[in-house]
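This is data_17.txt (compact mmCIF, C-alpha atoms).
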```txt
# COMPACT_ATOMS: atom_id res chain seq x y z
CA MET A 734 -37.35 -11.52 7.20
CA ASP A 735 -34.02 -9.70 7.33
CA ASP A 736 -35.17 -6.78 5.19
CA VAL A 737 -37.93 -5.68 7.52
CA ASP A 738 -36.69 -2.59 9.38
CA GLU A 739 -38.53 -3.22 12.62
CA PHE A 740 -41.13 -5.57 14.11
CA SER A 741 -43.53 -5.04 16.92
CA ALA A 742 -42.33 -7.21 19.81
CA ALA A 743 -45.69 -8.93 20.38
CA PRO A 744 -45.86 -11.12 17.21
CA VAL A 745 -42.15 -12.03 17.48
CA ILE A 746 -42.63 -13.16 21.09
CA ALA A 747 -45.69 -15.14 19.97
CA TRP A 748 -43.68 -16.93 17.23
CA LEU A 749 -40.89 -17.76 19.68
CA MET A 750 -43.24 -18.99 22.43
CA TYR A 751 -45.17 -21.12 19.93
CA THR A 752 -42.06 -22.80 18.46
CA ARG A 753 -39.47 -22.80 21.22
CA GLU A 754 -40.16 -26.31 22.56
CA THR A 755 -39.27 -27.88 19.19
CA LEU A 756 -36.97 -25.19 17.77
CA ARG A 757 -33.45 -26.40 16.90
CA GLN A 758 -32.19 -23.46 14.79
CA LEU A 759 -32.87 -19.76 15.23
CA HIS A 760 -31.44 -17.07 12.94
CA TYR A 761 -32.53 -13.77 14.46
CA ASN A 762 -31.71 -10.57 12.61
CA VAL A 763 -34.56 -8.18 13.38
CA ARG A 764 -35.10 -5.14 15.55
CA THR A 765 -38.17 -4.98 17.74
CA THR A 766 -39.95 -2.35 19.78
CA PRO A 767 -39.39 -2.86 22.65
CA ASN A 768 -36.20 -4.97 22.51
CA ILE A 769 -36.67 -8.71 23.20
CA ASN A 770 -34.38 -10.74 25.44
CA ILE A 771 -33.83 -13.68 23.09
CA LEU A 772 -31.69 -15.56 25.59
CA GLU A 773 -34.52 -15.51 28.11
CA LYS A 774 -37.15 -16.63 25.59
CA CYS A 775 -35.13 -19.53 24.12
CA GLY A 776 -33.12 -20.77 27.11
CA ARG A 777 -33.41 -24.30 28.54
CA GLN A 778 -34.85 -25.67 25.31
CA LYS A 779 -33.64 -27.89 22.42
CA LEU A 780 -31.92 -25.09 20.50
CA GLU A 781 -28.77 -26.34 18.73
CA VAL A 782 -27.94 -23.37 16.47
CA LEU A 783 -28.33 -19.71 17.43
CA ALA A 784 -27.32 -16.84 15.13
CA LEU A 785 -27.96 -13.32 16.44
CA ALA A 786 -27.33 -10.14 14.46
CA HIS A 787 -27.85 -6.40 15.06
CA ASN A 788 -28.96 -6.83 18.65
CA THR A 789 -27.92 -5.93 22.17
CA ILE A 790 -27.28 -8.56 24.83
CA THR A 791 -27.32 -7.49 28.47
CA GLY A 792 -27.58 -9.08 31.88
CA VAL A 793 -26.68 -12.69 31.05
CA GLU A 794 -27.41 -14.86 34.08
CA PRO A 795 -24.53 -16.98 35.42
CA CYS A 796 -26.39 -20.21 34.70
CA TYR A 797 -24.41 -23.27 33.55
CA GLN A 798 -27.25 -25.12 31.77
CA LYS A 799 -28.97 -22.17 30.07
CA PHE A 800 -28.45 -23.72 26.60
CA PRO A 801 -27.86 -27.43 27.24
CA CYS A 802 -28.07 -28.48 23.56
CA LEU A 803 -26.48 -25.50 21.79
CA ARG A 804 -23.60 -26.51 19.48
CA SER A 805 -23.23 -23.41 17.31
CA LEU A 806 -23.38 -19.74 18.34
CA SER A 807 -22.93 -16.81 15.96
CA LEU A 808 -22.96 -13.16 17.05
CA SER A 809 -22.75 -10.46 14.34
CA TYR A 810 -22.94 -6.70 14.94
CA VAL A 811 -24.02 -7.37 18.52
CA SER A 812 -23.35 -5.12 21.50
CA ILE A 813 -22.33 -7.15 24.54
CA SER A 814 -20.05 -6.75 27.55
CA ALA A 815 -16.97 -8.96 27.94
CA LEU A 816 -18.47 -10.41 31.13
CA ASP A 817 -21.81 -11.26 29.46
CA LEU A 818 -20.01 -12.93 26.54
CA SER A 819 -17.99 -15.03 28.98
CA LEU A 820 -21.13 -16.00 30.92
CA LEU A 821 -22.97 -16.82 27.69
CA LEU A 822 -20.22 -19.19 26.57
CA THR A 823 -20.25 -20.86 29.99
CA ALA A 824 -24.01 -21.36 29.65
CA CYS A 825 -23.40 -23.54 26.55
CA PRO A 826 -21.70 -26.73 27.85
CA LYS A 827 -21.84 -28.49 24.44
CA ILE A 828 -20.82 -25.60 22.18
CA GLU A 829 -18.47 -26.56 19.31
CA ASN A 830 -18.62 -23.60 16.89
CA LEU A 831 -18.35 -19.92 17.83
CA THR A 832 -18.48 -17.01 15.35
CA LEU A 833 -17.87 -13.42 16.48
CA ILE A 834 -18.18 -10.67 13.83
CA SER A 835 -17.98 -6.90 14.39
CA LEU A 836 -18.94 -7.04 18.04
CA ASP A 837 -19.21 -3.91 20.13
CA ILE A 838 -17.54 -5.33 23.25
CA VAL A 839 -18.04 -3.25 26.36
CA MET A 840 -15.13 -3.56 28.80
CA SER A 841 -15.39 -2.67 32.49
CA ASP A 842 -11.91 -1.14 32.22
CA PRO A 843 -10.05 -0.13 29.02
CA GLN A 844 -7.07 -2.21 30.24
CA ALA A 845 -9.19 -5.21 31.21
CA THR A 846 -8.73 -8.67 29.71
CA MET A 847 -11.49 -10.55 27.92
CA ASP A 848 -11.45 -14.14 29.15
CA LEU A 849 -13.41 -16.83 27.31
CA SER A 850 -13.36 -20.43 28.46
CA SER A 851 -14.90 -23.60 27.02
CA CYS A 852 -13.99 -27.28 27.28
CA SER A 853 -16.09 -28.29 24.26
CA LEU A 854 -15.28 -25.52 21.73
CA LYS A 855 -13.67 -26.87 18.52
CA ASP A 856 -13.93 -24.01 16.02
CA ILE A 857 -13.76 -20.23 16.50
CA TYR A 858 -13.97 -17.51 13.84
CA VAL A 859 -13.26 -13.90 14.88
CA GLU A 860 -13.67 -10.99 12.44
CA ALA A 861 -13.42 -7.19 12.72
CA ILE A 862 -12.84 -7.07 16.46
CA SER A 863 -10.36 -4.91 18.39
CA LEU A 864 -9.19 -6.02 21.82
CA ASP A 865 -6.20 -5.08 23.94
CA LYS A 866 -6.03 -8.49 25.63
CA PHE A 867 -7.94 -11.66 24.76
CA ILE A 868 -7.34 -14.95 26.60
CA LEU A 869 -9.07 -18.01 25.16
CA GLU A 870 -9.04 -21.21 27.20
CA ALA A 871 -10.23 -24.03 24.96
CA ASP A 872 -8.80 -27.50 25.53
CA SER A 873 -10.60 -29.06 22.53
CA LEU A 874 -10.03 -26.24 20.01
CA GLU A 875 -9.12 -27.56 16.54
CA LYS A 876 -9.65 -24.51 14.32
CA LEU A 877 -8.75 -20.84 14.91
CA HIS A 878 -9.50 -18.25 12.21
CA LEU A 879 -8.79 -14.53 12.74
CA LYS A 880 -9.72 -11.94 10.12
CA ASP A 881 -9.41 -8.14 10.01
CA CYS A 882 -8.72 -7.85 13.75
CA THR A 883 -6.47 -5.86 16.04
CA LEU A 884 -5.76 -7.78 19.21
CA GLU A 885 -3.39 -9.40 21.65
CA LEU A 886 -4.33 -13.08 21.83
CA GLU A 887 -3.25 -15.84 24.17
CA LEU A 888 -4.56 -19.33 23.52
CA VAL A 889 -4.51 -21.82 26.38
CA GLY A 890 -5.19 -25.35 25.17
CA LYS A 891 -4.06 -28.96 25.20
CA GLY A 892 -2.47 -29.21 21.77
CA MET A 893 -5.61 -30.10 19.78
CA LEU A 894 -5.28 -27.16 17.33
CA ARG A 895 -5.05 -28.39 13.72
CA PHE A 896 -5.97 -25.31 11.65
CA LEU A 897 -4.65 -21.75 12.12
CA LYS A 898 -5.66 -18.98 9.69
CA ILE A 899 -4.69 -15.32 10.07
CA ASP A 900 -5.97 -12.86 7.45
CA ASP A 901 -5.33 -9.10 7.52
CA VAL A 902 -4.75 -9.04 11.27
CA SER A 903 -2.75 -6.56 13.36
CA VAL A 904 -1.52 -8.68 16.21
CA ILE A 905 0.24 -6.93 19.04
CA HIS A 906 1.06 -10.32 20.55
CA LEU A 907 0.07 -13.85 19.52
CA ASP A 908 0.74 -16.81 21.77
CA ILE A 909 -0.69 -20.24 21.00
CA GLY A 910 1.58 -21.95 23.55
CA GLU A 911 1.48 -25.74 23.52
CA SER A 912 -1.36 -25.72 20.98
CA ALA A 913 1.00 -25.74 17.98
CA GLU A 914 2.16 -29.35 18.25
CA ASN A 915 -0.65 -30.91 16.18
CA LEU A 916 -1.09 -28.13 13.60
CA GLU A 917 -1.73 -29.47 10.09
CA ILE A 918 -2.63 -26.23 8.26
CA VAL A 919 -1.17 -22.75 8.79
CA ASP A 920 -2.53 -20.04 6.47
CA VAL A 921 -1.24 -16.48 6.94
CA SER A 922 -2.11 -13.63 4.55
CA ASN A 923 -1.86 -9.82 4.50
CA PHE A 924 0.03 -9.90 7.76
CA THR A 925 3.16 -8.26 9.14
CA ILE A 926 5.32 -10.92 10.75
CA MET A 927 8.59 -11.22 12.61
CA TRP A 928 9.73 -14.41 10.88
CA ALA A 929 11.99 -15.61 13.72
CA LYS A 930 9.23 -15.23 16.32
CA PHE A 931 6.51 -16.64 14.04
CA HIS A 932 8.66 -19.61 13.05
CA HIS A 933 9.47 -20.32 16.70
CA MET A 934 5.73 -20.37 17.43
CA ILE A 935 4.97 -23.06 14.82
CA SER A 936 8.35 -24.86 14.71
CA ARG A 937 7.08 -27.80 16.79
CA SER A 938 4.30 -28.48 14.28
CA SER A 939 5.94 -31.61 12.86
CA LYS A 940 2.57 -32.78 11.44
CA LEU A 941 2.16 -29.65 9.28
CA ARG A 942 0.87 -30.51 5.80
CA LYS A 943 -0.04 -27.11 4.37
CA LEU A 944 1.81 -23.81 4.88
CA ARG A 945 0.63 -20.60 3.21
CA LEU A 946 2.46 -17.28 3.65
CA TRP A 947 0.69 -14.91 1.27
CA GLY A 948 1.21 -11.18 0.95
CA VAL A 949 3.16 -11.17 4.20
CA VAL A 950 5.35 -8.21 5.12
CA PHE A 951 8.43 -8.65 7.28
CA ASP A 952 8.77 -6.49 10.36
CA ASP A 953 12.50 -6.20 9.71
CA ASP A 954 13.82 -5.47 6.18
CA ASP A 955 16.67 -7.96 6.75
CA GLU A 956 14.31 -10.82 7.58
CA LEU A 957 13.51 -13.58 5.09
CA VAL A 958 11.80 -16.95 4.98
CA ASP A 959 14.39 -19.69 5.39
CA ILE A 960 13.14 -22.53 3.14
CA GLU A 961 15.75 -24.95 4.52
CA THR A 962 14.33 -24.47 8.03
CA ILE A 963 10.82 -25.10 6.68
CA SER A 964 12.11 -28.31 5.08
CA SER A 965 13.68 -29.62 8.30
CA CYS A 966 10.85 -28.61 10.68
CA PHE A 967 7.91 -29.79 8.58
CA PRO A 968 8.85 -33.15 6.98
CA LEU A 969 5.21 -34.00 6.08
CA LEU A 970 4.59 -30.71 4.24
CA SER A 971 2.74 -31.42 0.97
CA HIS A 972 1.31 -28.01 0.00
CA LEU A 973 3.48 -24.87 0.12
CA SER A 974 2.23 -21.40 -0.90
CA LEU A 975 4.55 -18.38 -0.82
CA SER A 976 4.09 -14.77 -1.90
CA TYR A 977 6.11 -11.89 -0.50
CA ASP A 978 8.37 -9.07 -1.61
CA LEU A 979 11.45 -10.75 -3.09
CA ARG A 980 14.91 -9.35 -2.54
CA GLU A 981 18.37 -10.59 -3.50
CA ALA A 982 18.83 -11.94 0.03
CA ALA A 983 15.76 -14.17 -0.35
CA LEU A 984 17.54 -16.01 -3.16
CA GLN A 985 21.02 -15.89 -1.72
CA TYR A 986 20.16 -17.10 1.79
CA GLY A 987 16.60 -18.41 1.54
CA LEU A 988 17.54 -21.11 -0.97
CA GLN A 989 21.03 -21.98 0.24
CA GLY A 990 21.91 -25.53 1.29
CA SER A 991 21.21 -28.91 -0.29
CA PHE A 992 17.79 -29.43 1.31
CA VAL A 993 14.77 -30.90 -0.49
CA LEU A 994 11.05 -30.51 0.13
CA GLU A 995 10.53 -34.25 -0.17
CA ASN A 996 6.75 -34.47 0.18
CA VAL A 997 5.62 -31.21 -1.45
CA ILE A 998 3.30 -32.07 -4.34
CA VAL A 999 1.57 -28.67 -4.74
CA LEU A 1000 3.61 -25.45 -4.94
CA GLU A 1001 1.96 -22.01 -5.24
CA LEU A 1002 4.12 -18.95 -5.83
CA GLY A 1003 2.99 -15.35 -6.29
CA TRP A 1004 4.30 -11.90 -7.06
CA THR A 1005 2.99 -8.39 -6.51
CA VAL A 1006 5.70 -6.76 -8.65
CA ILE A 1007 7.23 -8.98 -11.31
CA ASN A 1008 10.99 -8.92 -11.79
CA ASP A 1009 13.86 -11.19 -12.84
CA LEU A 1010 14.27 -12.47 -9.29
CA PHE A 1011 10.90 -14.20 -9.44
CA SER A 1012 11.92 -16.50 -12.34
CA THR A 1013 15.11 -17.47 -10.50
CA TRP A 1014 13.11 -18.11 -7.31
CA VAL A 1015 10.61 -20.36 -9.13
CA SER A 1016 13.47 -22.33 -10.69
CA GLY A 1017 15.28 -22.73 -7.37
CA LEU A 1018 12.19 -24.01 -5.57
CA LEU A 1019 11.28 -26.42 -8.39
CA GLU A 1020 14.70 -28.05 -8.07
CA ARG A 1021 14.00 -28.75 -4.41
CA CYS A 1022 10.59 -30.39 -4.90
CA PRO A 1023 11.42 -33.79 -6.49
CA HIS A 1024 7.86 -35.15 -6.23
CA LEU A 1025 5.98 -32.03 -7.31
CA LYS A 1026 2.76 -32.64 -9.25
CA LYS A 1027 1.31 -29.14 -9.59
CA LEU A 1028 2.75 -25.62 -9.83
CA VAL A 1029 0.45 -22.58 -9.58
CA ILE A 1030 1.80 -19.13 -10.49
CA HIS A 1031 -0.18 -16.17 -9.13
CA GLY A 1032 0.45 -12.69 -10.49
CA VAL A 1033 -0.85 -9.15 -10.42
CA VAL A 1034 -1.11 -7.50 -13.83
CA SER A 1035 -1.83 -3.76 -13.83
CA GLU A 1036 -4.34 -2.33 -16.32
CA THR A 1037 -1.88 0.21 -17.71
CA LYS A 1038 1.45 -1.40 -18.47
CA THR A 1039 4.64 0.28 -19.59
CA HIS A 1040 6.69 -1.21 -22.42
CA GLU A 1041 9.24 -2.37 -19.82
CA GLU A 1042 6.54 -4.19 -17.83
CA CYS A 1043 5.27 -5.91 -20.98
CA ASN A 1044 8.80 -7.06 -21.77
CA MET A 1045 9.27 -8.33 -18.22
CA LEU A 1046 6.04 -10.36 -18.42
CA ALA A 1047 7.00 -11.72 -21.85
CA ASN A 1048 10.47 -12.72 -20.63
CA PHE A 1049 8.98 -14.37 -17.57
CA THR A 1050 6.54 -16.36 -19.73
CA SER A 1051 9.38 -17.51 -21.99
CA SER A 1052 11.54 -18.54 -19.03
CA ILE A 1053 8.68 -20.56 -17.49
CA VAL A 1054 7.99 -22.34 -20.82
CA LYS A 1055 11.71 -23.19 -21.11
CA LEU A 1056 11.90 -24.25 -17.45
CA MET A 1057 8.86 -26.52 -17.61
CA ARG A 1058 10.39 -28.56 -20.43
CA LYS A 1059 12.56 -30.02 -17.67
CA TYR A 1060 9.48 -30.84 -15.58
CA MET A 1061 7.06 -32.38 -18.07
CA HIS A 1062 5.31 -34.35 -15.29
CA VAL A 1063 4.30 -31.15 -13.43
CA GLU A 1064 0.92 -29.53 -14.15
CA VAL A 1065 1.29 -25.75 -14.48
CA GLN A 1066 -1.49 -23.26 -13.82
CA PHE A 1067 -1.45 -19.45 -14.05
CA GLU A 1068 -3.81 -17.20 -12.09
CA TYR A 1069 -3.59 -13.46 -12.79
CA GLU A 1070 -5.56 -10.63 -11.26
```
Do you think you could lay out the structure here as structure tokens?
Amino acid sequence: MDDVDEFSAAPVIAWLMYTRETLRQLHYNVRTTPNINILEKCGRQKLEVLALAHNTITGVEPCYQKFPCLRSLSLSYVSISALDLSLLLTACPKIENLTLISLDIVMSDPQATMDLSSCSLKDIYVEAISLDKFILEADSLEKLHLKDCTLELELVGKGMLRFLKIDDVSVIHLDIGESAENLEIVDVSNFTIMWAKFHHMISRSSKLRKLRLWGVVFDDDDELVDIETISSCFPLLSHLSLSYDLREAALQYGLQGSFVLENVIVLELGWTVINDLFSTWVSGLLERCPHLKKLVIHGVVSETKTHEECNMLANFTSSIVKLMRKYMHVEVQFEYE
């Protein structure tokens, strides 16, 4: 009943009291008068999934077994203090999935650190949250997804992380420590990176199978993605997706050497502004993927195009047609927006 503006507290309490002994999933997105303490009403029961939205959480008791069966917790547009959030996570000894979206996090001190700790947590999704300092201790964490955030994050784990996705995030500092060793998928988009520092962070991920750097902006104009380094550090890489502002240096230094991307079978390349460099870049990367099966070209086509832009697109199309005659075994797909 999401569309109901407000409920009287009495019937909602009655529904919860009547069902709580058997309840396994609760999706709670209503306002009541007065406010109901959902954690108090549903604690110490069989609840496995709890999704709370547009509510305020206060005064969480430091109780280890408050939610003994809870495996998934989602908080959206919830006001909660950093301490209460930490206590809530501790009260869920079996939690595996945590989703935090647009939280109003109350800090005791503007310079304080938000510490979250869980031995069982496997998957965390964080969206639209701003934090000066966030330390996450999660020994079993396998998936970390950050979207539209501004934060300084330190991950303390035991190398179980397999999936890292960063989308439109302003990261003051990102440290995943020893957790990078078993990474299999790294997906970074709409993100300003210092390539040397970012590469150092993931360079030990020898099991990496998919790398996506999409719409990334380099912190230093002289920085570029060194494809040879990618080839040597990630020998199992099978899916490579690249889209960033191309410059002469990207071709001159990014593709130098006699390296090959031996196991890459899917290659996705994109442009924001099409130019002659892009065709040369596509050709250079194709030569270094001997076992490629699929090539996907992503492009942005403006609604109003000048004659020069039309010519550039036509020339690019012709060059790709000519190029692909050499690679008849490769499936080609175009995706324009």
- request: Might you pull out every residue within 8 Å of Leu877 of chain A, with only C-alpha atoms counted and same-chain residues fewer than 3 positions away left off, and present them as a list in words?
  value: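 Surrounding residues, per the criterion: Asp856, Ile857, Tyr858, Leu874, Leu894, Phe896, Leu897 and Lys898 of chain A.
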field: Neighbours of point (-34.4, -7.8, 26.6) within 9 Å, using all atoms listed in the file, written as a PyMOL selection string
entry: chain A and resi 767-773+789-792
- line: As a check of understanding: the span from atom CA of Glu870 of chain A to atom CA of Ala824 of chain A is 15.2 Å
Can you report as JSON the centre and edge lengths in Å, to one decimal, of an axis-aligned box around the listed atoms of segment 989-994 of chain A padded with 3 Å on each side?
```
{"center_x": 16.5, "center_y": -26.4, "center_z": 0.4, "size_x": 16.9, "size_y": 14.9, "size_z": 7.8}
```
message: I need the residue nearest Lys891 of chain A from this list: A:Val793, A:Cys852, A:Leu994, A:Val919. Use all atoms listed in the file for the distance.
response: A:Cys852
